[in-house]
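Asks: Structure below; questions to follow.
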Amino acid sequence: MAPNANSIVISANALDLTFQTADAPVHALKDVSLDISQGDFVSFIGPSGCGKTTFLRCIAGLETPTGGTLTVNGMTADEARRARAYGYVFQAAGLYPWRTIAGNIKLPLEIMGYSRAEQNDRVARVLDLVELSDFGAKFPWQLSGGMQQRASIARALAFDADILLMDEPFGALDEIVRDHLNEQLLALWARTNKTIAFVTHSIPEAVYLSTKIVVMSPRPGRITDVIESPLPKERPLDIRDSPEFIEIAHRVREGLRAGHEDD
Amino acid sequence: MAPNANSIVISANALDLTFQTADAPVHALKDVSLDISQGDFVSFIGPSGCGKTTFLRCIAGLETPTGGTLTVNGMTADEARRARAYGYVFQAAGLYPWRTIAGNIKLPLEIMGYSRAEQNDRVARVLDLVELSDFGAKFPWQLSGGMQQRASIARALAFDADILLMDEPFGALDEIVRDHLNEQLLALWARTNKTIAFVTHSIPEAVYLSTKIVVMSPRPGRITDVIESPLPKERPLDIRDSPEFIEIAHRVREGLRAGHEDD
Amino acid sequence: MMLVALALLIWIAMWVLNVRLATGENANTRTIGLLVPAIFGLTILVVWELLVRGLAVPLVILPAPSHVLSTFLSELPTLWLDLQQTFLKGALSGYIIGCGAAFLTAILVDRYDFLKRGLLPVGNFVAALPIVGTAPILVMWFGFDWQSKAAVVVVMVFFPMLVNTVAGLQETTAMQRDLMRTYGAGYWPSLTKLRLPAAMPFIFNGLKISTTLALIGAIVAEFFGSPTMGMGFRISTSVGQLALDMVWAEIVVAALAGSAFYGVVALVEKSVTFWHPSQRK
Amino acid sequence: ADEVKLQLKWVTQAQFAGYYVAKDKGFYDEENLDVEVMAGGPDIAPAQVLAGGGADVMLDWLPSALSAREKGLPLVNIAQPFKTSGLMLTCWKDTGITGPQDFKGRTIGVWFFGNEYPFLSWMSQEGISTDGGEDGVTVLKQGFNVDPLLQRQADCISTMTYNEFGQVLDAGVSEDELVTFKYEDQGVATQEDGIYVLEDNLKDPAFKDKMVRFVRASMKGWKYAEENPDEAADIVLENDESGAQTEAHQRRMMREIAKLTAGSNGALDEADYERTVATLLAGGSDPVITKTPEGAWTAEITDEALK
Amino acid sequence: MHKVVPVLTVVAAMFALWYAAVPFMNVKETLTGLERAGAVVTPDNPIERRDASSFGLVFRNSFAIPATYAQDRPRLPAPHQVAQDLWETTALKKVSSKRSLVYHGWITLSATLLGFAIGTAAGILLAVGIVHNRAMDMSVMPWAIASQTIPILAIAPMIIVVLNSIGVQGLIPKAIISAYLSFFPVVVGMVKGLRAPDAMQLDLLKTYNASQNQGFWKLRLPASMPYLFASLKIGVAAALVGAIVAELPAGGARGLGGRMLTGSYYGQMVQIWSALVFAAVLAAALVLLIGFAQKLTLKRMDLS
Ligand SMILES: Nc1ncnc2c1ncn2[C@@H]1O[C@H](COP(=O)(O)OP(=O)(O)OP(=O)(O)O)[C@@H](O)[C@H]1O
Ligand SMILES: Nc1ncnc2c1ncn2[C@@H]1O[C@H](COP(=O)(O)OP(=O)(O)OP(=O)(O)O)[C@@H](O)[C@H]1O
Ligand SMILES: Cc1ncc(C[n+]2csc(CCO)c2C)c(N)n1
Ligand SMILES: [Mg+2]
Ligand SMILES: [Mg+2]
């Protein structure tokens, strides 16, 4: 499956998801339609509880929609999951405490049957990428929250998946580290031409990173706006002071505010 | 102790704190000197692990400095704690799961021996303040993360302490809700003339809220910059687009970056 | 009466000393951690000795610790023989079989939800069968030698171990499991790489509980029939012979062996579950 | 009335009928005694209860009492209502055992808890080791019942004529399938179920007087029980708190017990006593007692009681 | 349904296994009995049969299978034999009769309840002491563990004798032994529970300058409730075992322990089994009851 530009990788059509709970059912996603092309960097933004995580989990085949259709790489989401089509970075680092950092990154490689040598190779490479080379032998609790989060990103990058699903990966980090990792992520994306779906609460982050910003709104969770970014692929940090940037950020903020008004 | 403007409420002088741990000791605070006056709104900002929480805990008398002097309301921090001089909002909501929201807010009032009627009165008032009036009878797990955080703020406001110590109270909230709570906090502060020490990771938040921004830097934790804000006390949300605001934010960012360079 | 008063005095003095040690500055060191319980134990022994002497308690009711000690030392070969019979043959083999079987069953039970919902309630019921009733039955089935003791131990440790292991295997968080699913990991990889490691603290909880159960079970089962050796045999016959010093010497052996067994398992636990917050400190 | 607490050696059964009858028939009342009969059990050592002050009088077998005396608990036999021993070994005939010489290499069930002394001294008399192996017997600590024999886990087990032997027969075994060795016949019988008190107490005339009345009334109870076995068994049944005893079993037990008490008026037969002491002393490498006991029995009480 | 079907299936499977095992367990005695009655069995020699495997015997003497289910002294009674005995000793006997299991169950239960109450109270007090006093924590805990390695059956008679000698008899000694077994799980659970509040919850109270008392009632105690109830469930089962153990030394005394003892004394296997089943039912009922109390308490606590 050679990635050719503009081929559609993820396609959601009138997706619906209702959680059955003890009391009232929760309508988490309603009529969500969205196409994501090869090489896209799509950010999802919206108030707490609007269904961002739920949508990402649907794509990952971790949640089964109750209506609509969803294809990933032309397969159902579940088939794509079994075909190991994506790497997933959770909202919290979720490292296994009984494994070292290197061991945690090795985990998917072991499961996917990489050779021992290849495993070590890749671990070294991604550790370097997230600047944790000195910490491979440490255990998760010996690292600060930010370092743990970086390790979990490394874990998702260690194997070759064309799709990267990231759920607020930088939520727990301070602004400087966050800026730094944003830059790194952009560089990686440019280099590998991966397709990235990225959930965030931060408007500047969404605008800075994405080719496409999806604004969502709760109760029931739905897409209220999809903003295509005119920003160039090459993005220095100070692009954030440019009028285009501020303009897009403004539009996102307005979209968000509209969603909040509903309450 | 009638609060008169500009009287110094919290005064730290060459504060030092070293944690003794199993392996190497951690030098969490080094030579920290800072005066906070009555009615100040002081923000602490700095990379993860630079000692913000530790400093706040020293003020609260929850941690004992290993060097230097610290007075709160003219007493030692511990005496101030016993005199119930402050309300403290922790980094996580930390509500007691076996108490309702109202019950949680009542907790300090019970301990401090307020009358039953007074308790109910105050609970109603602060619930209203954080817009949770309808949720008093609910249990913590029935509320979203943001609502829980507001409840914990209400708990700290329920009794009359002149000082409010807040450790990243809005960390888990999305931007819109956060903006809203920022406005509310400012209004409360203006109305009550409390002294507030506030930890945050967000530069705009720090600039928007504070009369004084303290930039810290790690290993060992120390103050690298103290920025007095020239912004007026009255602050609409769009003050954030003003040049003064952007100027201060820039200075804070530079200070932060300098701290990071050390690593 | 003098001795009784002295006992009281020593009790108070030792307690004050312990409070000093426990709240003093070196309270967290290993030495103090061992010293304090040791002093406490020693105090109990001294007070016991003084009370027995002071109140002239008949030997056949309660022997003095010094008396027990001298019997302990002079009867070491017998005690060692009994320990081998009861602990090494009966308790240990039953412990290994019982915990092993429970572990394997737990993995089955964990795999098939139907079994879990069916077996656990029934298991709880069976676990409530008092040993006093099961021991005579098992002695009848498995004979007088250590095999029946091992059987009693198996029955005693099986369900605590099963329940703990099953609980442990479910201890993973939703996110940890989801991570495995994102890798398309099948049953075995997620068992060996996620659920078993995560279950270890619980498994060791079961193993620790089972240590004391195993020893008690083996000893008690000997009351219901045994060859002419074993700790339970010695205890019950010595009571009949009014050799209370021997009874207490065996009890000391039981307490030592039981605590050592517990301690060894706790040590292994420490090295296996070093990552768990309760072990980190 | 004067209080007397009697500690039995075993659970309530016709083995102790005399005491229950004496209480039920008012013989103790007649002597102005208020007797509490306390049932025993597998792990209660009556001597311990006595030493602890929980009882005034107890029942025991002579070897066990002598051994306790040597351990420093001065027990004194004041009466011996059982003349004959009811202890025996019961073996399967088809094992080929015909006499003690065939015990070598066999597995034999023995009661411990103070009941093992007669067996041990018998074996040492026969020169048979009790540590197992080819030339010795393998001893099992026999539990509570006769199953080890029925299920052939043992070739022989200990039985009492009045109880376990009956249970073996009840299980459908006929007497000609069995070989039995009564200790009485083997010349190693010991005095069972004697009445014992603490030596110190006997120095108190009031206590002595109480004991005289107790023994007198108890013997009256025994003789009544011998003559009215069925009534005695029913009285025992009424006193059984476990509700596990059956009428048939207790009536048969009472008849067998009557044979053992028959020869006794309550006084200890000195010759019997000396013979027992001799066997116990001759216990080979591991004698039950090491020196001839002094003052382990007294005739004072029975002399007075039987006047 | 969701819950009942699997349980019933497992129970059914257990009974099937049980029934299937009966012939093998009982075949030897059954054959001996039949031989005495004149039947021809192979092999015809009890000693050979002793050394033969049960499987072979059952297959070679299949005619004897029905008889294995109707033994008077079975090695393994058939379920219906136990059920019948249970029925006779519960439903068909007056509850005040000494032959009624309900009567004996009540005797044991009363000691259990008293012992459980004592054990729980002692356990909670000890736990409170351990949590609030470092010296107690360090001194007592290792010995509490060691105390549980002492075989209770060995010291039960001594406790009874010692208490007897100071004039305490009847319910109390049993209750004390029962308490000895039940206090340990309560201590362990309660210490864990009272320490469950995390540093932040404790710090919160510190910021209010709450007293130790307030900290106990408003934080530690409520936080410990789930732990307490979990260990109460273990403790009550242990208390029942303790009460039964305590009935043994007293011999053929009343109570379920007495039933089991006299049952084995007279080879009445069926009687042991029905007492066992009755005890397990009692334990299950007690655990259920505590679960019920737990629900109530947690509900009540919510209203605080
Ligand atoms: N397993 C579940 N069962 C029931 N309701 C659920 C479940 N998971 C999510 N929900 C509900 O679905 C809605 C969407 O949740 P989701 O986690 O997707 O929100 P989100 O946009 O990721 O929010 P946040 O920004 O807080 O992470 C919420 O109302 C949530 O309460
Ligand atoms: N109890 C403790 N024992 C040992 N070290 C500690 C302890 N508490 C904090 N530290 C260390 O002290 C330093 C300062 O920690 P502190 O929690 O004050 O950081 P912070 O600025 O609040 O960070 P964050 O933004 O992540 O909350 C860190 O290096 C931390 O590891
Ligand atoms: C452990 C144990 N000890 C003794 C007996 C047998 N027994 C019952 S009564 C009695 C005579 C005592 O006066 C004897 C020896 C037993 N069945 N179990
Ligand atoms: Mg989410
Ligand atoms: Mg902090």
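The chains in the structure tokens are called A, B, ... from first to last as shown; in each chain the residues are counted from 1, and the ligands are counted from 1 in the order shown.
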Output as a PyMOL selection string all residues of range 86-300 of chain D that backbone DSSP marks as strand (DSSP E).
Replies: chain D and resi 87-92+107-110+138-141+156-160+178-182+194-198
Asks: Please write out the residues within 9 Å of ligand 4 as a PyMOL selection string, counting only C-alpha atoms and all ligand atoms.
Replies: chain A and resi 48-54+56+90-91+167-168+199-200
Asks: Produce a file of the selected residues containing N, CA and C atoms, as a CSV table (one decimal), in the first residue's frame.
Replies:
chain,number,residue,atom,x,y,z
A,48,SER,N,-14.6,19.9,27.0
A,48,SER,CA,-14.5,18.7,27.7
A,48,SER,C,-15.8,17.9,27.5
A,49,GLY,N,-15.7,16.6,27.1
A,49,GLY,CA,-16.9,15.8,27.0
A,49,GLY,C,-17.5,15.9,25.6
A,50,CYS,N,-16.9,16.5,24.6
A,50,CYS,CA,-17.6,16.6,23.3
A,50,CYS,C,-17.4,15.4,22.4
A,51,GLY,N,-16.5,14.5,22.9
A,51,GLY,CA,-16.4,13.3,22.1
A,51,GLY,C,-15.1,13.1,21.3
A,52,LYS,N,-14.1,14.0,21.6
A,52,LYS,CA,-12.9,13.9,20.9
A,52,LYS,C,-12.2,12.5,21.1
A,53,THR,N,-12.1,12.2,22.3
A,53,THR,CA,-11.5,10.9,22.6
A,53,THR,C,-12.3,9.8,22.0
A,54,THR,N,-13.6,9.9,22.2
A,54,THR,CA,-14.4,8.8,21.7
A,54,THR,C,-14.2,8.6,20.2
A,56,LEU,N,-11.6,9.4,18.4
A,56,LEU,CA,-10.3,8.8,18.1
A,56,LEU,C,-10.3,7.3,18.4
A,90,PHE,N,-2.0,7.8,24.3
A,90,PHE,CA,-3.1,8.0,25.2
A,90,PHE,C,-3.0,9.4,25.9
A,91,GLN,N,-4.1,9.8,26.4
A,91,GLN,CA,-4.1,11.1,27.2
A,91,GLN,C,-3.1,11.1,28.3
A,167,ASP,N,-3.9,11.5,21.6
A,167,ASP,CA,-5.0,12.1,22.4
A,167,ASP,C,-4.4,13.0,23.5
A,168,GLU,N,-4.3,14.3,23.2
A,168,GLU,CA,-3.8,15.3,24.1
A,168,GLU,C,-2.4,14.9,24.7
A,199,VAL,N,-5.6,15.3,19.3
A,199,VAL,CA,-6.6,15.9,20.1
A,199,VAL,C,-5.9,16.9,21.0
A,200,THR,N,-6.4,18.1,21.1
A,200,THR,CA,-5.8,19.1,22.0
A,200,THR,C,-6.8,20.0,22.6
Asks: Show me which residues are within 9 Å of ligand 3 counting only C-alpha atoms and all ligand atoms, and format the list as a PyMOL selection string.
Replies: (chain C and resi 223-225+236-237) or (chain D and resi 8-11+13+15-16+41-43+59-61+86-87+110-116+141-146+158-160+163-164+192-193) or (chain E and resi 265-266)
Asks: Please give me, as number ranges by chain, the residues lying within 10 Å of ligand 2 when counting only C-alpha atoms and all ligand atoms.
Replies: A: 142-146, 172-174; B: 17-22, 24-29, 44-58, 63, 91, 167-168, 199-201, 216-221; E: 199
Asks: Compile the contact shell of range 256-270 of chain D as a PyMOL selection string: residues with an atom at most 9 Å away, counting only C-alpha atoms, same-chain residues fewer than 5 positions apart removed.
Replies: chain D and resi 14-17+77-86+161-163+191+194+215-216+218-219+222-223+225-227+229+251+275+297-299+301-303+306
